[in-house]
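Take a look at the structure set out below.
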Amino acid sequence: MRKPVIAGNWKMYKLLGEAVETALALKPLVANTNHCEVIIAPVFTALKMVCDRLEGSNIKVAAQDCAAEIKHGAFTGEVCADMIKDVGCSHIIIGHSERREFYGETDRTVNLKTKACLHYGLTAIVCIGEMLPDREVGNAEKVVKIQLLGALDGLTVSDMERIIIAYEPVWAIGTGKTAMPEQAQEMHSSIRQVLTETQGKNIAEAVRILYGGSVKPDNVKDLMNQPDIDGALVGGASLDAQIFAQIINYK
Ligand code: PEP
């Protein structure tokens, strides 16, 4: 049984006070939530205080990126995965499409960052997903397979225990367009098939594959009813504690 994961990506929103306020508002709303893991990903500057204020709760905290480097050094502006762990985070989102599109992330950097995250014992939420033109010419599965294989290149069987995949069709992120549940299921099933071929059946059956792209309280249930959808990575609708709690408590 794969335990579902509902993760909120707060992107570059919320000043420190706002992030803490939203995290504290979410805390009682999910205090009795056992059916899924709950994760929030505030901006770097809020991570330490949000982690401190959520200590002992059932909400885990993720960073939205990390350095590809494992060793500390002269890398201005970068944040090493162990620094993220040091402030209390358990997860890192890696290879989000906004990072690929605006900051030049490639399958190679996604792979290095995933390895850096795993090196320090954190769980990587690895994002993959096709652009609209890929889908229009029938290349969605092929593109996603290349991204997946690139991200996981060189990982060991035990590494795979700390990998969560987030399938996020880029055309559905922040656009209000959600993939139809059946359309999403088809992609999730194809991702699990690639995992079966490359990592073996046991691992493929254990890895959680989240869906991301305009997930809202009114579409989460249909998505979660699909056999290969194991959770959601939520952007816009995670910014409000009440709305995010409705998504988390979709059952
Ligand atoms: C995201 O940022 O990963 C995302 C899926 O955003 P939204 O839910 O706003 O589409």
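For the structure tokens, the naming scheme is as follows: chains receive sequential letters (A, B, ...) according to their order of presentation, residues are indexed from 1 within each chain, and ligands are indexed from 1 in presentation order.
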task: DSSP on the backbone, then: every residue of stretch 82-218 of chain A marked strand (DSSP E), written as a VMD selection string.
output: chain A and resid 91 to 94 123 to 128 163 to 167 208 to 212
message: At a cut-off of 7 Å, using only C-alpha atoms, what residues contact stretch 164-176 of chain A? Leave out same-chain residues fewer than 2 positions from it and give the result as a PyMOL selection string.
response: chain A and resi 97+124-132+162+178-179+207-214+233+236
Selection to disk with N, CA, C and O atoms, as a compact mmCIF listing (two decimals), in the first residue's frame:
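Produced file out.txt, reproduced below:
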```txt
# COMPACT_ATOMS: atom_id res chain seq x y z
N SER A 97 9.12 22.43 -13.10
CA SER A 97 9.14 22.94 -14.48
C SER A 97 9.51 24.42 -14.54
O SER A 97 10.10 24.88 -15.52
N ALA A 124 13.63 13.16 -2.08
CA ALA A 124 13.53 14.04 -3.26
C ALA A 124 12.15 13.90 -3.90
O ALA A 124 11.69 12.78 -4.13
N ILE A 125 11.52 15.03 -4.13
CA ILE A 125 10.27 15.05 -4.91
C ILE A 125 10.67 15.51 -6.31
O ILE A 125 10.90 16.70 -6.55
N VAL A 126 10.85 14.56 -7.20
CA VAL A 126 11.41 14.84 -8.52
C VAL A 126 10.28 15.13 -9.51
O VAL A 126 9.40 14.30 -9.73
N CYS A 127 10.33 16.34 -10.09
CA CYS A 127 9.24 16.76 -10.99
C CYS A 127 9.59 16.48 -12.45
O CYS A 127 10.70 16.79 -12.90
N ILE A 128 8.63 15.93 -13.14
CA ILE A 128 8.75 15.69 -14.58
C ILE A 128 7.42 16.07 -15.23
O ILE A 128 6.40 16.12 -14.54
N GLY A 129 7.45 16.34 -16.51
CA GLY A 129 6.18 16.67 -17.18
C GLY A 129 6.42 17.29 -18.53
O GLY A 129 7.41 18.00 -18.74
N GLU A 130 5.53 17.01 -19.43
CA GLU A 130 5.69 17.48 -20.81
C GLU A 130 5.09 18.88 -21.01
O GLU A 130 4.20 19.28 -20.28
N MET A 131 5.59 19.57 -22.04
CA MET A 131 5.02 20.86 -22.45
C MET A 131 3.86 20.56 -23.41
O MET A 131 3.78 19.46 -23.97
N LEU A 132 3.04 21.57 -23.64
CA LEU A 132 1.88 21.37 -24.52
C LEU A 132 2.25 20.86 -25.92
O LEU A 132 1.65 19.91 -26.42
N ARG A 162 13.70 6.79 -1.18
CA ARG A 162 13.52 8.20 -0.84
C ARG A 162 13.28 9.06 -2.08
O ARG A 162 13.69 10.21 -2.14
N THR A 178 -6.71 21.27 -15.76
CA THR A 178 -6.22 20.03 -15.13
C THR A 178 -6.29 18.93 -16.17
O THR A 178 -7.20 18.91 -16.99
N ALA A 179 -5.33 18.03 -16.11
CA ALA A 179 -5.45 16.84 -16.97
C ALA A 179 -6.70 16.09 -16.51
O ALA A 179 -7.01 16.06 -15.32
N VAL A 207 7.00 3.17 -5.26
CA VAL A 207 7.25 4.61 -5.47
C VAL A 207 5.93 5.38 -5.60
O VAL A 207 5.05 4.97 -6.36
N ARG A 208 5.83 6.47 -4.84
CA ARG A 208 4.64 7.32 -4.96
C ARG A 208 4.79 8.26 -6.16
O ARG A 208 5.83 8.88 -6.32
N ILE A 209 3.75 8.33 -6.97
CA ILE A 209 3.74 9.24 -8.12
C ILE A 209 2.61 10.24 -7.90
O ILE A 209 1.43 9.88 -7.90
N LEU A 210 3.01 11.49 -7.69
CA LEU A 210 2.02 12.55 -7.42
C LEU A 210 1.63 13.20 -8.73
O LEU A 210 2.41 13.28 -9.67
N TYR A 211 0.42 13.73 -8.75
CA TYR A 211 -0.02 14.52 -9.91
C TYR A 211 0.03 16.01 -9.52
O TYR A 211 -0.35 16.37 -8.39
N GLY A 212 0.46 16.84 -10.43
CA GLY A 212 0.43 18.29 -10.18
C GLY A 212 -0.04 19.04 -11.40
O GLY A 212 0.29 18.68 -12.53
N GLY A 213 -0.84 20.08 -11.17
CA GLY A 213 -1.36 20.89 -12.27
C GLY A 213 -2.78 21.28 -11.98
O GLY A 213 -3.71 20.52 -12.25
N SER A 214 -2.93 22.47 -11.34
CA SER A 214 -4.26 23.01 -11.05
C SER A 214 -5.14 22.05 -10.22
O SER A 214 -6.34 21.94 -10.48
N LEU A 233 0.88 17.35 -5.98
CA LEU A 233 1.75 18.50 -5.71
C LEU A 233 0.92 19.71 -6.12
O LEU A 233 0.53 19.85 -7.28
N GLY A 236 -0.93 26.88 -6.51
CA GLY A 236 -1.82 27.98 -6.12
C GLY A 236 -2.78 27.65 -4.99
O GLY A 236 -2.94 28.43 -4.04
```
field: Pick from A:Ser238, A:Thr196, A:Thr156, A:Asn202 nearest to A:Ala41, counting only C-alpha atoms
entry: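 When distances to A:Ala41 are compared using only C-alpha atoms, the smallest one comes from A:Ser238.
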task: Rank A:Ala184, A:Leu122, A:Gln199, A:Asp134 by their smallest atom-to-atom distance to A:Asp230, using only C-alpha atoms, and report the top residue only.
output: A:Ala184
message: I want to know what sits within 12 Å of stretch 48-52 of chain A, based on only C-alpha atoms, with residues of the same chain fewer than 3 positions away left out; could you give that as an NGL selection string?
response: :A and (14-27 or 39-45 or 55-63 or 83-91)
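Counting only C-alpha atoms and comparing A:Cys80, A:Asp153, A:Gln147, A:Gly138, the residue that lies closest to A:Glu105 is A:Gln147.
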- prompt: Which residues, written as a ChimeraX atom specification, have at least one atom at most 9 Å from A:Glu78, with only C-alpha atoms counted and residues fewer than 5 positions away on the same chain left out?
  reply: /A:66-69
task: Write out as a PyMOL selection string the residues lying within 12 Å of A:Lys145, counting only C-alpha atoms and excluding same-chain residues fewer than 2 positions away.
output: chain A and resi 107+127-130+139-143+147-153+165+167+187-195+197-198
field: DSSP-assigned alpha helix (DSSP H) members of stretch 21-215 of chain A, reported as JSON, numbers by chain
entry: {"A": [21, 22, 23, 24, 25, 26, 27, 28, 29, 44, 45, 46, 47, 48, 49, 50, 51, 52, 53, 81, 82, 83, 84, 85, 86, 97, 98, 99, 100, 101, 102, 107, 108, 109, 110, 111, 112, 113, 114, 115, 116, 117, 118, 119, 132, 133, 134, 135, 136, 140, 141, 142, 143, 144, 145, 146, 147, 148, 149, 150, 151, 152, 181, 182, 183, 184, 185, 186, 187, 188, 189, 190, 191, 192, 193, 194, 195, 196, 197, 198, 199, 201, 202, 203, 204, 205, 206]}
